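Listing of coords-v7.cif, mmCIF, C-alpha atoms
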```
data_upload
#
loop_
_atom_site.label_atom_id
_atom_site.label_comp_id
_atom_site.auth_asym_id
_atom_site.auth_seq_id
_atom_site.Cartn_x
_atom_site.Cartn_y
_atom_site.Cartn_z
CA MET A 1 117.17 88.29 104.78
CA VAL A 2 121.06 89.56 105.75
CA SER A 3 119.53 86.58 104.55
CA GLY A 4 116.87 86.94 102.14
CA PHE A 5 114.70 84.19 102.81
CA CYS A 6 111.39 83.16 102.16
CA PHE A 7 108.58 84.55 100.40
CA GLY A 8 107.32 87.19 102.64
CA VAL A 9 104.68 85.55 104.74
CA GLN A 10 104.55 88.34 107.19
CA ILE A 11 103.88 86.33 110.27
CA LYS A 12 103.91 88.51 113.35
CA SER A 13 106.68 86.72 115.22
CA MET A 14 108.04 83.31 115.96
CA PRO A 15 105.02 81.31 117.07
CA ALA A 16 104.87 80.26 120.69
CA SER A 17 104.69 76.64 119.56
CA LEU A 18 108.39 76.63 118.68
CA PHE A 19 109.89 74.42 121.35
CA LEU A 20 113.51 73.45 121.86
CA SER A 21 113.64 70.79 124.54
CA SER A 22 115.91 71.35 127.51
CA GLY A 23 116.65 67.64 127.72
CA ASN A 24 115.25 67.68 131.27
CA LEU A 25 111.79 66.15 131.51
CA ILE A 26 110.86 68.10 134.65
CA ALA A 27 111.92 71.42 133.12
CA ASP A 28 110.08 70.63 129.90
CA ARG A 29 106.91 69.81 131.82
CA ARG A 30 107.05 73.06 133.74
CA TYR A 31 107.40 74.86 130.45
CA ASP A 32 104.30 73.04 129.15
CA PHE A 33 102.32 73.89 132.29
CA GLY A 34 103.42 77.50 131.93
CA ARG A 35 102.24 77.61 128.34
CA ASP A 36 98.84 76.26 129.41
CA LEU A 37 98.53 78.97 132.05
CA GLN A 38 99.55 81.61 129.55
CA LEU A 39 96.83 80.49 127.17
CA ARG A 40 94.35 80.78 130.03
CA GLY A 41 95.47 84.35 130.67
CA ASP A 42 97.29 83.78 133.97
CA LEU A 43 100.51 85.52 132.97
CA ALA A 44 102.00 85.84 136.45
CA ALA A 45 101.64 82.12 137.22
CA ALA A 46 102.94 81.24 133.76
CA ALA A 47 105.99 83.46 134.26
CA ASP A 48 106.68 81.77 137.60
CA LEU A 49 106.70 78.34 135.97
CA MET A 50 108.90 79.53 133.10
CA MET A 51 111.36 80.89 135.64
CA GLN A 52 111.37 77.56 137.45
CA ALA A 53 112.02 75.74 134.18
CA ALA A 54 114.87 78.08 133.31
CA GLU A 55 116.40 77.76 136.75
CA LEU A 56 116.32 73.98 136.44
CA GLU A 57 118.09 74.20 133.07
CA PRO A 58 119.90 77.54 132.59
CA GLY A 59 120.46 76.74 128.91
CA PHE A 60 116.72 76.28 128.23
CA ALA A 61 116.28 78.83 125.42
CA SER A 62 112.55 78.25 124.95
CA ALA A 63 111.81 78.89 128.63
CA TRP A 64 113.89 82.07 128.68
CA PHE A 65 112.23 83.38 125.53
CA ALA A 66 108.73 82.57 126.81
CA LEU A 67 109.61 84.27 130.09
CA GLY A 68 110.76 87.38 128.21
CA ASP A 69 107.53 87.46 126.25
CA LEU A 70 105.48 87.15 129.43
CA ARG A 71 107.46 89.83 131.25
CA GLU A 72 107.03 92.13 128.26
CA GLN A 73 103.27 91.59 128.25
CA MET A 74 103.21 92.35 131.96
CA GLY A 75 105.04 95.64 131.44
CA GLN A 76 108.22 94.46 133.19
CA ARG A 77 110.68 95.74 130.61
CA ASP A 78 113.96 95.20 132.43
CA ASP A 79 113.05 91.64 133.37
CA ALA A 80 111.97 90.99 129.79
CA VAL A 81 115.30 92.28 128.49
CA ASN A 82 117.23 90.02 130.85
CA ALA A 83 115.20 86.98 129.80
CA TYR A 84 115.64 87.70 126.09
CA LEU A 85 119.38 88.08 126.60
CA ARG A 86 119.48 84.69 128.28
CA ALA A 87 117.43 83.16 125.44
CA ARG A 88 119.78 84.57 122.83
CA ASP A 89 122.85 83.37 124.69
CA ALA A 90 121.36 79.89 125.17
CA ASP A 91 120.78 79.37 121.44
CA PRO A 92 123.56 80.65 119.15
CA ASP A 93 121.19 80.40 116.17
CA ASP A 94 118.59 82.49 118.03
CA ARG A 95 115.76 80.48 116.51
CA HIS A 96 113.19 82.25 118.69
CA GLY A 97 114.26 85.68 117.48
CA ALA A 98 115.27 87.14 120.85
CA LYS A 99 117.47 89.63 119.02
CA LEU A 100 114.40 91.12 117.33
CA ARG A 101 112.66 91.57 120.66
CA LEU A 102 115.75 93.32 122.00
CA MET A 103 115.79 95.61 118.97
CA ARG A 104 112.14 96.44 119.51
CA LEU A 105 112.85 97.27 123.16
CA GLY A 106 115.70 99.58 122.11
CA VAL A 107 118.45 97.48 123.66
CA GLU A 108 120.11 96.67 120.32
CA ASP A 109 120.58 98.77 117.21
CA LEU A 110 118.65 97.91 114.09
CA SER A 111 120.46 95.12 112.26
CA ALA A 112 119.90 92.00 110.21
CA MET A 113 117.62 89.27 111.44
CA PRO A 114 119.29 86.06 112.66
CA PRO A 115 119.21 83.60 109.73
CA GLY A 116 118.42 80.79 112.17
CA TYR A 117 115.28 82.61 113.25
CA VAL A 118 114.08 83.15 109.71
CA ARG A 119 114.85 79.58 108.69
CA ALA A 120 113.06 78.15 111.72
CA LEU A 121 110.09 80.45 111.21
CA PHE A 122 109.45 79.42 107.64
CA ASP A 123 110.43 75.78 108.00
CA GLN A 124 107.80 75.57 110.72
CA TYR A 125 105.15 77.30 108.65
CA ALA A 126 105.86 75.58 105.33
CA PRO A 127 103.13 72.88 105.64
CA ARG A 128 100.38 75.45 106.20
CA PHE A 129 101.95 78.51 104.68
CA ASP A 130 99.56 79.06 101.77
CA LYS A 131 96.43 78.53 103.84
CA THR A 132 97.58 80.85 106.61
CA LEU A 133 98.75 83.56 104.26
CA VAL A 134 95.98 83.61 101.68
CA ASN A 135 92.95 82.54 103.68
CA ASP A 136 93.70 84.04 107.10
CA LEU A 137 95.68 87.17 106.14
CA ASP A 138 93.99 88.00 102.83
CA TYR A 139 97.39 88.06 101.17
CA ARG A 140 97.61 89.35 97.60
CA GLY A 141 101.28 90.20 97.07
CA PRO A 142 101.78 88.25 93.83
CA ALA A 143 98.66 89.76 92.26
CA VAL A 144 99.81 93.27 93.23
CA LEU A 145 103.21 92.61 91.67
CA LEU A 146 101.72 91.22 88.49
CA LYS A 147 99.64 94.36 88.02
CA ALA A 148 102.71 96.56 88.64
CA VAL A 149 104.88 94.60 86.22
CA LEU A 150 102.27 94.75 83.47
CA ALA A 151 101.89 98.50 84.01
CA ALA A 152 105.65 99.08 83.90
CA ARG A 153 106.08 97.15 80.66
CA HIS A 154 103.11 98.90 79.08
CA ALA A 155 104.52 102.32 80.01
CA ALA A 156 107.91 101.34 78.55
CA LYS A 157 106.26 99.96 75.39
CA LEU A 158 107.93 96.61 76.00
CA PRO A 159 106.41 93.12 75.95
CA ALA A 160 105.39 91.69 79.31
CA HIS A 161 107.26 88.46 78.73
CA PHE A 162 110.57 87.47 80.25
CA LYS A 163 113.06 84.85 79.15
CA ARG A 164 114.48 84.32 82.63
CA ALA A 165 113.08 85.44 85.99
CA ILE A 166 114.56 85.20 89.49
CA ASP A 167 112.09 84.86 92.36
CA LEU A 168 113.79 86.09 95.53
CA GLY A 169 112.35 84.59 98.70
CA CYS A 170 110.24 82.28 96.56
CA GLY A 171 108.58 80.48 99.46
CA THR A 172 106.06 77.91 98.26
CA GLY A 173 105.90 79.30 94.74
CA LEU A 174 102.97 81.72 94.91
CA VAL A 175 104.74 84.21 92.64
CA ALA A 176 105.60 81.61 90.00
CA ARG A 177 101.97 80.51 89.96
CA GLU A 178 100.88 84.10 89.33
CA PHE A 179 103.59 84.87 86.75
CA GLY A 180 103.89 81.43 85.17
CA SER A 181 102.75 82.44 81.70
CA LEU A 182 105.02 85.51 81.60
CA ALA A 183 108.39 83.81 82.05
CA ASP A 184 110.08 81.00 80.13
CA GLU A 185 112.27 80.07 83.09
CA PHE A 186 111.91 80.69 86.82
CA ILE A 187 114.77 80.48 89.32
CA GLY A 188 113.72 80.36 92.98
CA VAL A 189 115.83 81.36 95.97
CA ASP A 190 114.82 80.84 99.59
CA LEU A 191 116.57 80.38 102.91
CA SER A 192 114.08 77.76 104.12
CA SER A 193 114.51 74.21 102.82
CA GLY A 194 110.93 73.52 103.90
CA MET A 195 109.66 76.27 101.64
CA ILE A 196 111.88 75.12 98.77
CA GLU A 197 110.38 71.64 98.96
CA ARG A 198 106.89 73.12 98.62
CA ALA A 199 108.03 75.24 95.67
CA ARG A 200 109.54 72.16 94.03
CA ASP A 201 106.16 70.45 94.18
CA THR A 202 104.73 73.12 91.85
CA GLY A 203 106.97 72.04 88.98
CA LEU A 204 107.27 75.69 87.94
CA TYR A 205 110.95 76.30 88.69
CA ALA A 206 113.91 75.38 86.51
CA ARG A 207 116.13 75.63 89.58
CA LEU A 208 115.64 76.14 93.31
CA ASP A 209 118.43 77.22 95.64
CA VAL A 210 118.45 77.07 99.44
CA MET A 211 120.34 80.25 100.26
CA ASP A 212 119.68 83.84 101.18
CA MET A 213 118.71 86.40 98.58
CA LEU A 214 122.07 88.14 98.37
CA GLN A 215 123.89 84.84 97.92
CA GLY A 216 121.39 83.84 95.28
CA LEU A 217 122.02 86.98 93.26
CA GLN A 218 125.79 86.75 93.70
CA ALA A 219 125.69 83.26 92.18
CA GLU A 220 124.16 84.62 88.95
CA SER A 221 126.10 85.87 85.94
CA ASP A 222 126.07 89.46 84.74
CA ALA A 223 123.02 90.40 82.66
CA SER A 224 121.50 86.93 83.05
CA ALA A 225 117.91 87.76 84.08
CA ASN A 226 115.15 89.84 82.53
CA LEU A 227 113.06 90.00 85.70
CA VAL A 228 113.93 89.97 89.40
CA ILE A 229 110.96 89.84 91.71
CA ALA A 230 110.54 89.81 95.50
CA ALA A 231 107.08 89.48 96.99
CA ASP A 232 107.29 90.76 100.57
CA ALA A 233 110.71 89.17 101.03
CA PHE A 234 112.43 92.52 101.55
CA VAL A 235 110.45 93.04 104.77
CA TYR A 236 113.04 90.77 106.39
CA VAL A 237 116.03 92.83 105.25
CA PRO A 238 116.86 96.18 106.88
CA GLU A 239 119.31 97.65 104.36
CA LEU A 240 118.54 96.86 100.72
CA ASP A 241 121.57 98.54 99.14
CA ALA A 242 123.62 95.40 98.51
CA LEU A 243 120.62 93.52 97.13
CA LEU A 244 119.78 96.35 94.74
CA VAL A 245 123.37 96.65 93.50
CA GLU A 246 123.49 92.92 92.77
CA THR A 247 120.11 93.08 91.09
CA ALA A 248 121.37 95.83 88.78
CA ARG A 249 124.35 93.66 87.86
CA VAL A 250 122.23 90.59 87.15
CA LEU A 251 119.54 92.33 85.10
CA THR A 252 119.80 92.61 81.33
CA PRO A 253 119.40 96.04 79.74
CA GLN A 254 115.70 96.99 80.01
CA GLY A 255 115.34 94.26 82.63
CA LEU A 256 112.87 94.87 85.43
CA LEU A 257 112.92 94.68 89.23
CA ALA A 258 109.60 94.47 91.07
CA PHE A 259 109.11 94.16 94.81
CA THR A 260 106.76 94.92 97.68
CA VAL A 261 107.67 96.18 101.14
CA GLU A 262 105.98 97.45 104.25
CA THR A 263 106.42 101.16 104.86
CA HIS A 264 106.06 103.94 107.44
CA VAL A 265 105.62 107.68 107.33
CA GLY A 266 109.09 108.48 108.67
CA LYS A 267 112.56 108.28 107.19
CA GLY A 268 114.87 105.34 106.76
CA VAL A 269 114.14 101.84 107.99
CA ILE A 270 112.44 100.77 111.21
CA LEU A 271 111.47 97.49 112.83
CA GLY A 272 107.69 97.52 112.77
CA PRO A 273 105.30 96.17 115.39
CA GLY A 274 105.00 92.91 113.46
CA LEU A 275 108.77 92.35 113.83
CA ARG A 276 109.34 93.03 110.15
CA TYR A 277 111.27 95.92 108.63
CA ALA A 278 109.37 98.88 107.19
CA HIS A 279 111.15 101.00 104.57
CA GLY A 280 110.47 104.68 104.07
CA GLU A 281 109.74 105.85 100.54
CA ALA A 282 112.63 108.34 100.46
CA TYR A 283 115.05 105.60 101.49
CA LEU A 284 113.84 103.36 98.65
CA ARG A 285 114.13 106.09 96.05
CA LYS A 286 117.71 106.85 97.03
CA ALA A 287 118.77 103.19 97.28
CA ILE A 288 117.35 102.45 93.83
CA ALA A 289 119.12 105.44 92.28
CA ASP A 290 122.40 104.63 94.05
CA ALA A 291 122.27 101.10 92.63
CA GLY A 292 122.11 102.50 89.11
CA LEU A 293 118.49 101.53 88.53
CA THR A 294 115.76 103.79 87.17
CA LEU A 295 112.58 104.00 89.20
CA CYS A 296 109.50 103.22 87.15
CA GLU A 297 106.77 103.55 89.76
CA ILE A 298 106.33 103.46 93.51
CA THR A 299 102.75 103.10 94.70
CA ALA A 300 101.09 102.80 98.09
CA VAL A 301 99.41 99.43 98.49
CA SER A 302 98.62 96.92 101.22
CA THR A 303 99.24 93.27 100.49
CA ARG A 304 97.77 91.86 103.70
CA ILE A 305 95.58 92.40 106.74
CA GLU A 306 96.87 92.30 110.31
CA ALA A 307 94.73 92.87 113.40
CA ASN A 308 91.85 93.63 111.03
CA GLU A 309 93.75 96.56 109.50
CA PRO A 310 95.57 96.85 106.16
CA VAL A 311 99.34 96.87 106.64
CA PRO A 312 100.82 99.98 104.94
CA GLY A 313 103.05 99.04 102.06
CA LEU A 314 104.56 99.99 98.74
CA VAL A 315 104.90 98.22 95.40
CA VAL A 316 107.99 99.27 93.49
CA THR A 317 109.19 98.73 89.94
CA ALA A 318 112.59 99.80 88.61
CA SER A 319 114.43 99.10 85.38
CA LYS A 320 117.99 98.84 84.16
CA ALA A 321 118.80 101.44 81.54
#
```

Written as structure tokens, how would this file's structure read?
Amino acid sequence: MVSGFCFGVQIKSMPASLFLSSGNLIADRRYDFGRDLQLRGDLAAAADLMMQAAELEPGFASAWFALGDLREQMGQRDDAVNAYLRARDADPDDRHGAKLRLMRLGVEDLSAMPPGYVRALFDQYAPRFDKTLVNDLDYRGPAVLLKAVLAARHAAKLPAHFKRAIDLGCGTGLVAREFGSLADEFIGVDLSSGMIERARDTGLYARLDVMDMLQGLQAESDASANLVIAADAFVYVPELDALLVETARVLTPQGLLAFTVETHVGKGVILGPGLRYAHGEAYLRKAIADAGLTLCEITAVSTRIEANEPVPGLVVTASKA
């Protein structure tokens, strides 16, 4: 997630409630008034107030980002691009995710998400993560993975029990809750400290590390895990090659990798409309083979609903020979 961050809550984008004060009370108030007008549907008036706020404080990242969003909604692409560029420049951590908007508009090439954006996104959502994901989005990623893991072990005539499991992008611990009886020890890795604190409250993890997924795997010894699992965490990583190579190193012989992703009908990797990466099936097959893993099964499945429609996805299992 790049950083491999949190459990894949696939939230559409950084919520408009993220606010980084300009330090100027007048500018902040104009931002607030602009947000109110935006919520009422008066986009033009809202954009005017956001511009005023940004002009008062040129380093006001929240105002520039909100202005870019408004211009984009109004079909003013060039003005939106300029505002997003100003937002990105005003906040080196890019906590609003202006880079993603620029990628979606074709201004920047596809690349890793800013870690600051991911961290801010999930830190902000941590208190209400489970409710939003499960109740509002009908999320069922852990259950989908459990079914896939059981099927893979049955096909291989191996027991569905693991001495040591690594939960990449563990979030609040939804995967550990689902898999708790199948693993003697769970290690959780997540970029968001807010998510890690929620996972710690479950009491299900032997260790929890605040770091991205690749760093988490690199910190593990060779052949030290029987199961590596990632529930919708890979949707925040464009190129999975390095993660898969490290997973192959960390897995024991006959160890299992299981993950879910969003997908698309084309080739390679794209940034989807929800500002998450979608991986083509052919890309996944090649990346798994190149990492020295053996594909067990790749199955079409949707783990959540967005805009009242199932989000196209895949559940993948692969083993180490």

Residues picked by the PyMOL selection byres ((chain A and resi 152-154) around 9) here, as an mmCIF file with C-alpha atoms, in the coordinates of the input?
```cif
data_model
loop_
_atom_site.group_PDB
_atom_site.id
_atom_site.type_symbol
_atom_site.label_atom_id
_atom_site.label_comp_id
_atom_site.auth_asym_id
_atom_site.auth_seq_id
_atom_site.Cartn_x
_atom_site.Cartn_y
_atom_site.Cartn_z
ATOM 1 C CA LYS A 147 99.640 94.360 88.020
ATOM 2 C CA ALA A 148 102.710 96.560 88.640
ATOM 3 C CA VAL A 149 104.880 94.600 86.220
ATOM 4 C CA LEU A 150 102.270 94.750 83.470
ATOM 5 C CA ALA A 151 101.890 98.500 84.010
ATOM 6 C CA ALA A 155 104.520 102.320 80.010
ATOM 7 C CA ALA A 156 107.910 101.340 78.550
ATOM 8 C CA LYS A 157 106.260 99.960 75.390
ATOM 9 C CA LEU A 158 107.930 96.610 76.000
ATOM 10 C CA PRO A 159 106.410 93.120 75.950
ATOM 11 C CA ALA A 160 105.390 91.690 79.310
ATOM 12 C CA HIS A 161 107.260 88.460 78.730
ATOM 13 C CA LEU A 256 112.870 94.870 85.430
ATOM 14 C CA CYS A 296 109.500 103.220 87.150
ATOM 15 C CA GLU A 297 106.770 103.550 89.760
ATOM 16 C CA THR A 317 109.190 98.730 89.940
ATOM 17 C CA ALA A 318 112.590 99.800 88.610
ATOM 18 C CA SER A 319 114.430 99.100 85.380
#
```

Note to self: For a quick check of understanding, using only C-alpha atoms, which of A:Leu257, A:Leu275, A:Ile26, A:Ile288 has the smallest distance to Met103 (chain A)?
What the structure shows: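 Using only C-alpha atoms, the shortest distance to Met103 (chain A) belongs to A:Leu275.
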
Next item on the list: Rank nothing, just name the residue among A:Gly41, A:Gly280, A:Gly180, A:Gly97 nearest to His264 (chain A), using all atoms listed in the file.
Entry: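 Ranked by minimum distance to His264 (chain A), first place goes to A:Gly280.
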
Notebook entry, point to check: Restricting the calculation to all atoms listed in the file, which member of A:Asp42, A:Asp167, A:Glu246, A:Asp109 is positioned closest to Leu70 (chain A)?
Noted result: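 Closest candidate: A:Asp42.
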
Next item on the list: Could you tell me which residues the PyMOL selection byres ((chain A and resi 185) around 9) returns for this structure, as a VMD selection string?
Entry: chain A and resid 162 to 166 180 183 to 184 186 to 187 204 to 207

Next item on the list: I would like the residues chosen by the PyMOL selection byres ((chain A and resi 213) around 12) on the shown file; could you give them as JSON, numbers by chain?
Entry: {"A": [1, 2, 3, 4, 5, 6, 7, 115, 166, 167, 168, 169, 170, 171, 187, 188, 189, 190, 191, 192, 208, 209, 210, 211, 212, 214, 215, 216, 217, 218, 219, 220, 228, 229, 230, 233, 234, 236, 237, 240, 242, 243, 244, 246, 247]}

Next item on the list: Compare A:Val301, A:Ala289, A:Thr294, A:Ile270 by their minimum atom-to-atom distance to Leu110 (chain A), counting all atoms listed in the file, and give me the closest one.
Entry: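 Closest to Leu110 (chain A) of all the choices is A:Ile270.
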
Check: For Ile305 (chain A), which of A:Gly141, A:Gly194, A:Gly116, A:Gly68 is the closest residue, counting only C-alpha atoms?
Finding: A:Gly141

Notebook entry, point to check: Any idea what the distance is between CA of Leu105 (chain A) and CA of Ala63 (chain A)?
Noted result: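 Taking CA of Leu105 (chain A) and CA of Ala63 (chain A), their separation equals 19.2 Å.
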
Note to self: Here's a test: counting all atoms listed in the file, identify every protein, DNA and RNA residue with an atom at most 9 Å from (109.5, 84.1, 129.0) in the file's coordinate frame, and state them as a list in words.
What the structure shows: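 The answer, in the requested form, is Ala46, Ala47, Met50, Met51, Ser62, Ala63, Trp64, Phe65, Ala66, Leu67, Gly68, Asp69, Leu70, Arg71, Glu72, Ala80, Ala83, Tyr84 and Ala87 of chain A.
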
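Distances from A:Arg200, A:Lys320, A:His279, A:Lys267 to Ala225 (chain A) were compared using all atoms listed in the file, and the smallest one belongs to A:Lys320.
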
Item checked: Sel. within 9 Å of pt (111.9, 105.1, 102.4), counting all atoms listed in the file, output as JSON, numbers by chain -> {"A": [263, 264, 265, 266, 267, 268, 269, 278, 279, 280, 281, 282, 283, 284, 285, 286, 287]}

Check: Separation of CA of Val245 (chain A) and CA of Asp94 (chain A), in Å?
Finding: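 About the pair CA of Val245 (chain A) and CA of Asp94 (chain A): they are 28.7 Å apart.
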
Margin query: Just to confirm, what's the straight-line distance from CA of Phe19 (chain A) to CA of Asp79 (chain A) in Å (one decimal)?
Written below: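 Answer for the CA of Phe19 (chain A) to CA of Asp79 (chain A) separation: 21.2 Å.
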
Padding 8 Å on every side, please: axis-aligned box over the listed atoms of region 140-147 of chain A, centre and edge lengths to one decimal in Å, as lines of an AutoDock Vina configuration file.
```
center_x = 100.4
center_y = 91.3
center_z = 92.8
size_x = 21.6
size_y = 22.1
size_z = 25.6
```

Notebook entry, point to check: Excluding same-chain residues fewer than 6 positions from Leu25 (chain A), what lies within 12 Å of it counting only C-alpha atoms, as a ChimeraX atom specification?
Noted result: /A:31-32,53,56-57,60

Starting from the incomplete input, reconstruct N, CA and C atoms of region 38-64 of chain A and write that as a compact mmCIF listing (two decimals), in the frame of the given file.
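Listed below is the output, rebuild-v6.txt:
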```
# COMPACT_ATOMS: atom_id res chain seq x y z
N GLN A 38 99.52 80.42 130.39
CA GLN A 38 99.55 81.61 129.55
C GLN A 38 98.34 81.67 128.63
N LEU A 39 97.99 80.54 128.05
CA LEU A 39 96.83 80.49 127.17
C LEU A 39 95.54 80.78 127.92
N ARG A 40 95.53 80.49 129.20
CA ARG A 40 94.35 80.78 130.03
C ARG A 40 94.33 82.21 130.53
N GLY A 41 95.42 82.95 130.28
CA GLY A 41 95.47 84.35 130.67
C GLY A 41 96.11 84.63 132.00
N ASP A 42 96.63 83.59 132.68
CA ASP A 42 97.29 83.78 133.97
C ASP A 42 98.78 84.00 133.74
N LEU A 43 99.13 85.23 133.36
CA LEU A 43 100.51 85.52 132.97
C LEU A 43 101.49 85.41 134.13
N ALA A 44 101.10 85.86 135.30
CA ALA A 44 102.00 85.84 136.45
C ALA A 44 102.37 84.40 136.82
N ALA A 45 101.36 83.52 136.89
CA ALA A 45 101.64 82.12 137.22
C ALA A 45 102.46 81.46 136.13
N ALA A 46 102.17 81.80 134.87
CA ALA A 46 102.94 81.24 133.76
C ALA A 46 104.39 81.68 133.84
N ALA A 47 104.63 82.95 134.14
CA ALA A 47 105.99 83.46 134.26
C ALA A 47 106.74 82.75 135.39
N ASP A 48 106.05 82.47 136.49
CA ASP A 48 106.68 81.77 137.60
C ASP A 48 107.15 80.38 137.18
N LEU A 49 106.32 79.67 136.42
CA LEU A 49 106.70 78.34 135.97
C LEU A 49 107.82 78.39 134.94
N MET A 50 107.81 79.39 134.07
CA MET A 50 108.90 79.53 133.10
C MET A 50 110.22 79.82 133.81
N MET A 51 110.16 80.62 134.86
CA MET A 51 111.36 80.89 135.64
C MET A 51 111.88 79.62 136.30
N GLN A 52 110.96 78.83 136.84
CA GLN A 52 111.37 77.56 137.45
C GLN A 52 112.03 76.64 136.42
N ALA A 53 111.44 76.58 135.22
CA ALA A 53 112.02 75.74 134.18
C ALA A 53 113.41 76.21 133.79
N ALA A 54 113.57 77.52 133.68
CA ALA A 54 114.87 78.08 133.31
C ALA A 54 115.90 77.89 134.41
N GLU A 55 115.47 77.97 135.65
CA GLU A 55 116.40 77.76 136.75
C GLU A 55 116.86 76.31 136.83
N LEU A 56 115.94 75.39 136.47
CA LEU A 56 116.32 73.98 136.44
C LEU A 56 117.35 73.71 135.35
N GLU A 57 117.19 74.37 134.21
CA GLU A 57 118.09 74.20 133.07
C GLU A 57 118.45 75.58 132.52
N PRO A 58 119.54 76.17 132.99
CA PRO A 58 119.90 77.54 132.59
C PRO A 58 120.10 77.73 131.08
N GLY A 59 120.30 76.63 130.35
CA GLY A 59 120.46 76.74 128.91
C GLY A 59 119.18 76.49 128.13
N PHE A 60 118.03 76.58 128.82
CA PHE A 60 116.72 76.28 128.23
C PHE A 60 116.23 77.52 127.48
N ALA A 61 116.58 77.62 126.20
CA ALA A 61 116.28 78.83 125.42
C ALA A 61 114.78 79.10 125.31
N SER A 62 113.99 78.05 125.11
CA SER A 62 112.55 78.25 124.95
C SER A 62 111.92 78.83 126.20
N ALA A 63 112.36 78.37 127.37
CA ALA A 63 111.81 78.89 128.63
C ALA A 63 112.21 80.35 128.82
N TRP A 64 113.45 80.69 128.53
CA TRP A 64 113.89 82.07 128.68
C TRP A 64 113.13 82.99 127.73
```
